[in-house]
$ cat my_file_6.cif   # mmCIF, C-alpha atoms
data_protein
loop_
_atom_site.label_atom_id
_atom_site.label_comp_id
_atom_site.auth_asym_id
_atom_site.auth_seq_id
_atom_site.Cartn_x
_atom_site.Cartn_y
_atom_site.Cartn_z
CA MET A 1 -27.76 -25.68 -8.18
CA ILE A 2 -25.46 -24.27 -5.53
CA GLY A 3 -22.11 -26.02 -5.25
CA SER A 4 -21.33 -28.07 -2.16
CA GLY A 5 -17.67 -27.05 -1.74
CA ALA A 6 -16.53 -25.65 1.59
CA LEU A 7 -16.46 -21.88 2.00
CA ILE A 8 -13.99 -20.20 4.34
CA VAL A 9 -14.04 -16.53 5.33
CA GLY A 10 -10.47 -15.37 5.80
CA LEU A 11 -9.04 -12.20 7.31
CA ASN A 12 -5.97 -10.36 5.97
CA ALA A 13 -4.17 -7.33 7.43
CA VAL A 14 -2.05 -4.80 5.54
CA ILE A 15 -0.16 -3.13 8.39
CA VAL A 16 1.62 0.08 7.34
CA ALA A 17 4.10 2.36 9.09
CA VAL A 18 6.77 4.77 7.84
CA ASP A 19 10.31 4.48 9.20
CA GLU A 20 12.29 7.64 8.38
CA ASP A 21 11.41 7.94 4.67
CA ALA A 22 10.58 4.29 3.91
CA PRO A 23 6.95 3.07 3.89
CA GLN A 24 6.95 -0.19 5.80
CA LEU A 25 4.76 -3.29 5.57
CA LEU A 26 4.61 -5.84 8.38
CA ALA A 27 5.05 -9.24 6.70
CA VAL A 28 5.04 -12.78 8.07
CA PRO A 29 6.52 -16.01 6.63
CA SER A 30 4.35 -18.37 4.59
CA GLY A 31 4.42 -22.01 3.57
CA GLU A 32 5.29 -20.88 0.05
CA GLY A 33 8.54 -19.34 1.23
CA ALA A 34 7.44 -15.89 0.08
CA PRO A 35 6.50 -13.10 2.51
CA ALA A 36 2.81 -12.91 3.34
CA LEU A 37 0.31 -10.65 5.03
CA PRO A 38 -0.95 -11.81 8.43
CA PHE A 39 -3.96 -13.98 7.67
CA GLY A 40 -6.32 -16.49 9.23
CA PRO A 41 -9.86 -17.87 9.03
CA PHE A 42 -12.79 -16.22 10.74
CA ASP A 43 -14.27 -18.55 13.36
CA PRO A 44 -17.91 -17.60 14.04
CA LYS A 45 -17.85 -19.66 17.26
CA THR A 46 -15.00 -17.73 18.89
CA HIS A 47 -14.76 -14.42 16.99
CA ARG A 48 -17.61 -12.07 17.90
CA THR A 49 -16.69 -9.75 15.01
CA PHE A 50 -14.40 -9.87 11.96
CA GLU A 51 -12.17 -7.20 13.49
CA ILE A 52 -11.76 -9.14 16.73
CA GLY A 53 -10.73 -12.19 14.70
CA LEU A 54 -8.28 -10.08 12.70
CA ARG A 55 -6.66 -8.66 15.82
CA GLU A 56 -6.25 -12.14 17.29
CA TRP A 57 -4.59 -13.49 14.14
CA VAL A 58 -2.23 -10.52 13.88
CA SER A 59 -1.29 -10.85 17.56
CA GLU A 60 -0.60 -14.57 17.12
CA GLN A 61 1.24 -14.47 13.79
CA ALA A 62 2.99 -11.11 13.80
CA GLN A 63 3.35 -10.58 17.57
CA PHE A 64 1.88 -7.12 17.03
CA GLN A 65 -1.06 -5.23 18.54
CA LEU A 66 -3.15 -3.32 16.01
CA GLY A 67 -4.30 0.26 16.51
CA TYR A 68 -6.11 2.10 13.68
CA VAL A 69 -7.91 -0.37 11.38
CA GLU A 70 -10.36 0.04 8.52
CA GLN A 71 -11.92 -2.50 6.21
CA LEU A 72 -10.28 -2.47 2.79
CA TYR A 73 -11.92 -4.86 0.31
CA THR A 74 -13.23 -8.38 -0.06
CA PHE A 75 -11.17 -10.75 -2.22
CA GLY A 76 -12.77 -13.89 -3.61
CA ASP A 77 -11.03 -14.88 -6.86
CA MET A 78 -10.58 -18.56 -7.61
CA GLY A 79 -7.07 -19.94 -7.11
CA ARG A 80 -6.10 -17.76 -4.15
CA GLU A 81 -6.63 -20.40 -1.47
CA ALA A 82 -3.19 -21.89 -0.84
CA PRO A 83 -2.17 -20.19 2.44
CA LEU A 84 -5.53 -20.59 4.18
CA ALA A 85 -6.01 -24.14 2.93
CA GLU A 86 -2.67 -25.04 4.46
CA LEU A 87 -3.54 -23.29 7.70
CA THR A 88 -6.95 -24.89 8.13
CA GLY A 89 -6.22 -28.28 6.56
CA THR A 90 -9.20 -27.81 4.25
CA ASP A 91 -8.25 -28.68 0.68
CA GLY A 92 -10.43 -27.51 -2.16
CA ALA A 93 -12.24 -24.88 -0.10
CA ARG A 94 -13.22 -21.53 -1.60
CA VAL A 95 -11.67 -18.76 0.45
CA ILE A 96 -13.26 -15.31 0.63
CA SER A 97 -10.83 -12.93 2.31
CA ILE A 98 -11.77 -9.66 3.96
CA GLY A 99 -8.80 -7.32 3.77
CA TYR A 100 -8.08 -4.63 6.34
CA LEU A 101 -5.75 -1.63 6.28
CA ALA A 102 -4.02 -0.89 9.58
CA LEU A 103 -1.87 2.19 10.26
CA THR A 104 0.63 2.57 13.08
CA PRO A 105 3.44 4.90 14.17
CA ASP A 106 5.19 1.91 15.80
CA THR A 107 8.09 0.61 13.69
CA SER A 108 9.80 -1.32 16.48
CA ASN A 109 10.62 -4.91 15.60
CA PRO A 110 8.14 -7.46 16.98
CA PRO A 111 9.55 -10.26 19.17
CA GLU A 112 11.39 -13.12 17.51
CA GLY A 113 8.98 -15.31 15.61
CA GLY A 114 6.72 -12.36 14.79
CA GLY A 115 6.41 -10.11 11.79
CA VAL A 116 9.20 -8.35 9.89
CA TRP A 117 9.03 -4.78 8.59
CA ARG A 118 9.76 -4.49 4.85
CA ASP A 119 9.87 -1.44 2.59
CA TRP A 120 6.76 -1.71 0.41
CA TYR A 121 8.72 -0.44 -2.62
CA ARG A 122 10.68 -3.71 -2.67
CA PHE A 123 7.38 -5.24 -3.86
CA PHE A 124 6.49 -2.30 -6.17
CA PRO A 125 9.75 -0.67 -7.36
CA TRP A 126 7.97 1.08 -10.25
CA GLU A 127 5.82 3.04 -7.76
CA ASP A 128 8.62 5.11 -6.19
CA TRP A 129 9.01 8.38 -8.14
CA ARG A 130 10.58 10.43 -5.34
CA ILE A 131 13.86 10.85 -7.23
CA GLY A 132 12.36 10.61 -10.71
CA GLU A 133 10.96 7.91 -12.96
CA PRO A 134 12.09 4.44 -11.81
CA ALA A 135 14.56 2.96 -14.31
CA VAL A 136 12.63 -0.31 -14.54
CA ILE A 137 9.76 1.40 -16.39
CA ALA A 138 11.81 2.44 -19.43
CA ALA A 139 14.12 -0.59 -19.30
CA VAL A 140 11.61 -3.41 -18.78
CA ILE A 141 7.98 -2.45 -18.34
CA ALA A 142 7.27 -0.05 -21.22
CA PRO A 143 8.94 -2.22 -23.93
CA ALA A 144 7.16 -5.37 -22.70
CA LEU A 145 3.77 -3.64 -22.55
CA ARG A 146 4.18 -2.21 -26.04
CA ARG A 147 5.04 -5.66 -27.40
CA TRP A 148 1.93 -7.01 -25.69
CA ALA A 149 -0.21 -4.28 -27.25
CA ASP A 150 1.23 -4.93 -30.72
CA GLU A 151 0.39 -8.65 -30.41
CA ALA A 152 -3.37 -7.99 -30.23
CA GLY A 153 -5.32 -9.57 -33.06
CA SER A 154 -7.04 -6.51 -34.51
CA PRO A 155 -6.32 -2.76 -34.82
CA GLY A 156 -9.12 -1.98 -32.38
CA LYS A 157 -7.76 -4.36 -29.74
CA ARG A 158 -4.24 -3.05 -30.24
CA GLU A 159 -5.38 0.53 -29.68
CA ALA A 160 -7.44 -0.49 -26.63
CA ARG A 161 -4.37 -2.13 -25.14
CA ARG A 162 -2.22 0.91 -25.90
CA ASP A 163 -4.75 3.15 -24.18
CA ARG A 164 -4.72 0.89 -21.16
CA LEU A 165 -0.95 0.92 -20.76
CA ARG A 166 -0.78 4.69 -21.35
CA ILE A 167 -3.36 5.34 -18.65
CA ALA A 168 -1.81 2.89 -16.18
CA PHE A 169 1.83 3.92 -16.57
CA GLY A 170 1.53 7.47 -17.88
CA LEU A 171 3.26 6.61 -21.16
CA ASP A 172 3.33 8.70 -24.35
CA GLY A 173 2.93 12.00 -22.56
CA MET A 174 0.07 11.00 -20.26
CA THR A 175 0.19 11.94 -16.59
CA TRP A 176 1.32 9.41 -13.98
CA ASN A 177 -1.54 8.84 -11.53
CA GLU A 178 -0.10 7.58 -8.25
CA GLU A 179 -3.45 6.12 -7.18
CA ARG A 180 -3.53 3.51 -10.00
CA VAL A 181 -1.33 1.05 -8.09
CA LEU A 182 -3.81 -1.81 -8.42
CA ASP A 183 -4.45 -1.10 -12.12
CA ARG A 184 -0.72 -1.27 -12.80
CA TYR A 185 -0.20 -4.48 -10.86
CA GLU A 186 -3.16 -6.21 -12.53
CA LEU A 187 -1.87 -5.17 -15.96
CA LEU A 188 1.60 -6.53 -15.17
CA TYR A 189 -0.01 -9.75 -13.90
CA GLU A 190 -2.07 -10.12 -17.07
CA VAL A 191 1.00 -9.63 -19.26
CA GLY A 192 3.02 -12.08 -17.14
CA LEU A 193 5.62 -9.62 -15.88
CA VAL A 194 5.32 -10.53 -12.19
CA THR A 195 6.33 -13.80 -10.57
CA GLU A 196 2.84 -14.55 -9.24
CA ALA A 197 1.42 -14.64 -12.77
CA ARG A 198 3.93 -17.22 -13.96
CA ARG A 199 3.59 -19.20 -10.74
CA ASP A 200 -0.20 -19.35 -11.10
CA ARG A 201 0.12 -20.46 -14.73
CA GLY A 202 2.67 -23.15 -13.95
CA ASP A 203 5.41 -21.30 -15.85
CA ARG A 204 8.80 -21.68 -14.16
CA GLU A 205 10.56 -19.10 -16.30
CA ALA A 206 11.85 -16.19 -14.21
CA VAL A 207 10.46 -12.70 -14.75
CA PRO A 208 12.82 -9.89 -15.83
CA ALA A 209 15.04 -8.40 -13.15
CA GLY A 210 13.71 -5.41 -11.24
CA MET A 211 10.06 -6.48 -11.10
CA GLY A 212 9.86 -6.61 -7.33
CA GLU A 213 9.63 -9.35 -4.75
CA ALA A 214 6.75 -11.82 -5.01
CA MET A 215 4.35 -12.46 -2.15
CA ALA A 216 2.35 -15.52 -1.13
CA SER A 217 -1.02 -16.21 -2.73
CA ASP A 218 -2.56 -12.94 -4.02
CA HIS A 219 -1.12 -10.87 -1.20
CA ARG A 220 0.76 -8.50 -3.52
CA ARG A 221 -2.58 -7.70 -5.14
CA ILE A 222 -4.08 -7.03 -1.71
CA LEU A 223 -1.12 -4.79 -0.87
CA ALA A 224 -1.58 -2.92 -4.17
CA THR A 225 -5.22 -2.33 -3.23
CA ALA A 226 -4.15 -0.96 0.15
CA ILE A 227 -1.55 1.39 -1.32
CA SER A 228 -4.11 2.70 -3.83
CA ARG A 229 -6.58 3.31 -1.00
CA LEU A 230 -4.05 5.01 1.26
CA ARG A 231 -2.67 7.26 -1.50
CA ALA A 232 -6.18 8.43 -2.28
CA LYS A 233 -7.29 8.75 1.33
CA VAL A 234 -4.45 10.99 2.53
CA LYS A 235 -5.96 13.70 0.31
CA TYR A 236 -9.44 13.66 1.83
CA ARG A 237 -8.92 12.42 5.40
CA PRO A 238 -6.02 13.21 7.78
CA VAL A 239 -5.07 9.54 8.12
CA VAL A 240 -1.37 10.28 7.74
CA PHE A 241 -1.36 11.40 11.37
CA GLU A 242 -2.15 7.81 12.41
CA ILE A 243 1.38 7.01 11.23
CA MET A 244 3.09 10.03 12.82
CA PRO A 245 4.58 10.08 16.33
CA GLU A 246 2.99 12.34 18.93
CA ARG A 247 5.54 15.10 18.21
CA PHE A 248 7.07 15.70 14.80
CA THR A 249 8.72 18.34 12.64
CA LEU A 250 7.06 19.61 9.49
CA SER A 251 9.95 18.21 7.46
CA HIS A 252 9.28 14.76 8.94
CA LEU A 253 5.58 15.07 8.11
CA GLN A 254 6.47 15.98 4.52
CA ARG A 255 8.86 13.01 4.17
CA VAL A 256 6.23 10.61 5.48
CA THR A 257 3.62 11.98 3.06
CA GLU A 258 6.11 11.72 0.18
CA ALA A 259 6.89 8.13 1.15
CA ILE A 260 3.21 7.25 0.88
CA VAL A 261 2.29 9.09 -2.33
CA GLY A 262 5.58 8.18 -3.99
CA TYR A 263 6.68 11.57 -5.35
CA PRO A 264 8.37 14.72 -3.97
CA LEU A 265 6.19 17.53 -2.67
CA HIS A 266 6.57 21.26 -3.22
CA LYS A 267 7.71 22.33 0.25
CA GLN A 268 6.26 25.87 0.33
CA ASN A 269 2.88 24.89 -1.15
CA PHE A 270 2.65 21.89 1.18
CA ARG A 271 3.25 24.05 4.23
CA ARG A 272 0.86 26.78 3.13
CA ALA A 273 -1.92 24.23 2.68
CA LEU A 274 -1.03 22.59 6.00
CA ASP A 275 -1.26 25.95 7.76
CA ARG A 276 -4.72 26.58 6.28
CA SER A 277 -5.94 23.14 7.32
CA GLY A 278 -5.59 23.77 11.05
CA PHE A 279 -4.40 20.18 11.58
CA VAL A 280 -1.14 21.00 13.33
CA GLU A 281 0.07 23.41 15.96
CA GLY A 282 3.50 24.17 17.35
CA THR A 283 4.42 22.85 20.77
CA GLY A 284 7.06 25.48 21.50
CA ARG A 285 9.62 22.70 21.84
CA MET A 286 12.54 22.20 19.50
CA GLU A 287 13.93 19.04 18.01
CA ALA A 288 17.26 18.06 19.51
CA ARG A 289 19.90 18.05 16.77
CA THR A 290 23.65 17.54 16.72
CA GLY A 291 24.11 20.10 13.94
CA GLY A 292 22.20 22.61 11.88
CA ARG A 293 19.32 24.81 12.86
CA PRO A 294 16.86 23.13 15.27
CA ALA A 295 13.30 22.70 14.04
CA GLU A 296 10.11 23.20 16.03
CA LEU A 297 8.09 20.17 17.03
CA PHE A 298 4.40 20.10 16.15
CA ARG A 299 1.43 17.98 17.17
CA PHE A 300 -1.73 16.85 15.41
CA ARG A 301 -4.79 18.80 16.55
CA ARG A 302 -7.17 15.87 16.79
CA GLU A 303 -9.84 18.29 17.96
CA ALA A 304 -9.83 19.71 14.42
CA LEU A 305 -11.87 16.66 13.43
CA ARG A 306 -14.73 17.99 15.58
CA GLU A 307 -14.56 21.53 14.25
CA GLY A 308 -16.07 20.81 10.86
CA PRO A 309 -15.81 18.52 7.83
CA ALA A 310 -12.26 17.18 7.78
CA SER A 311 -10.25 17.03 4.60
CA GLY A 312 -6.88 15.44 4.05
CA LEU A 313 -3.45 16.83 3.29
CA ALA A 314 -2.68 18.70 0.09
CA THR A 315 -0.01 16.87 -1.88
CA PRO A 316 1.35 19.46 -4.33
CA ARG A 317 3.80 17.77 -6.64
CA LEU A 318 7.29 19.21 -7.05
CA ASN A 319 8.08 19.72 -10.72
CA GLN A 320 11.15 17.57 -11.36
CA GLY A 321 11.47 18.62 -14.96
#
$ encode --input "my_file_6.cif" --output "structure tokens"
Amino acid sequence: MIGSGALIVGLNAVIVAVDEDAPQLLAVPSGEGAPALPFGPFDPKTHRTFEIGLREWVSEQAQFQLGYVEQLYTFGDMGREAPLAELTGTDGARVISIGYLALTPDTSNPPEGGGVWRDWYRFFPWEDWRIGEPAVIAAVIAPALRRWADEAGSPGKREARRDRLRIAFGLDGMTWNEERVLDRYELLYEVGLVTEARRDRGDREAVPAGMGEAMASDHRRILATAISRLRAKVKYRPVVFEIMPERFTLSHLQRVTEAIVGYPLHKQNFRRALDRSGFVEGTGRMEARTGGRPAELFRFRREALREGPASGLATPRLNQG
């Protein structure tokens, strides 16, 4: 028998920009007091499409007009309903949220009462490897995960847990995979190392310091999904140019790419691959600088998308060893 509870289709937006070298998320306040993603219910009577509904909610809540948008994922876990239930006045409803990823070069502050730009690494401090391994991994995360693995009831379960934490966090000599953002967050949630896990379990004990800022509902999980998607997508589609201004230096492009993938790039290899891609061309204009050698400004050759199958940007890692 099908249950009779109300079902609401919600819409969430992960809006990403890069300001200088900081990847930015546009957040809005929530009834929980924690930052949230713009969200709202889909109204089939007034919203002709999901995307139209999304754009209306973002305009209303964040005072921001969306540009590039793509559908991200559908989220339907039990217990994630609080923000939309408050918004719609429908208690006990099951909320299915369709998440979207939006990219923009615009990092200007929305009008008062709108969204606020926040560095996404304040929510995921363990994801930023641009100056080396984040201290929180060795100090907090790795010891806690190893204790969790050792607490498993049988040798087989202990080894399965150890494999999982090695793969997620690159421990014991395994390679760090920057695309496993969601895997890492879900593991930390399961072990109880993030505030949302203890909140959802009714545990008021604080999590260890350095584990990032909590978000409303399951919005940090949605953000983790978006970061995973974007880190993977920059390698097979030139989406990074949706974040770039019309004119940019190659150094700026490299810093933006590094901000997204979370590790430093090998400058020469990055530029060689960029040259082969045909994505950029010089404008003949130079960046105005107060000191140092001026750098040429480039533009994205959007026509390259029509010249053949488009790939993304190569992201050759700089060896920090």
$ resolve_selection --input "my_file_6.cif" --expression "the PyMOL selection byres ((chain A and resi 254) around 12)" --output "PyMOL selection string"
chain A and resi 18+20-21+240-241+244+248-253+255-271+273-274+313-317
$ resolve_selection --input "my_file_6.cif" --expression "the PyMOL selection byres ((chain A and resi 157-171) around 9)" --output "MDAnalysis selection string"
chainID A and resid 137 142 145:146 148:156 172:177 180:181 183:184 187
$ resolve_selection --input "my_file_6.cif" --expression "the PyMOL selection byres ((chain A and resi 58-64) around 6)" --output "PyMOL selection string"
chain A and resi 38+55-57+65+110+114-115
$ atom_distance --input "my_file_6.cif" --atom1 "atom CA of A:Tyr68" --atom2 "atom CA of A:Ile227"
15.7 Å
$ closest_atom_pairs --input "my_file_6.cif" --of "stretch 24-60 of chain A" --to "stretch 95-103 of chain A" --cutoff "10 Å" --atoms "all atoms listed in the file" --output "tab-separated table"
residue	atom	partner	partner_atom	distance
A:Leu25	CA	A:Leu103	CA	9.8
A:Leu37	CA	A:Gly99	CA	9.8
A:Phe39	CA	A:Ser97	CA	8.8
A:Gly40	CA	A:Ser97	CA	9.0
A:Pro41	CA	A:Ser97	CA	8.4
A:Phe42	CA	A:Ser97	CA	9.3
A:Phe50	CA	A:Ile98	CA	8.4
A:Glu51	CA	A:Tyr100	CA	8.6
A:Leu54	CA	A:Tyr100	CA	8.4
$ atom_distance --input "my_file_6.cif" --atom1 "atom CA of A:Arg301" --atom2 "atom CA of A:Glu179"
26.9 Å
$ closest_residue --input "my_file_6.cif" --among "A:Leu26, A:Pro44, A:Gly292, A:Val194" --to "A:Ile8" --atoms "all atoms listed in the file"
A:Pro44
$ closest_residue --input "my_file_6.cif" --among "A:Arg130, A:Arg201, A:Arg220, A:Arg247" --to "A:Ala34" --atoms "all atoms listed in the file"
A:Arg220
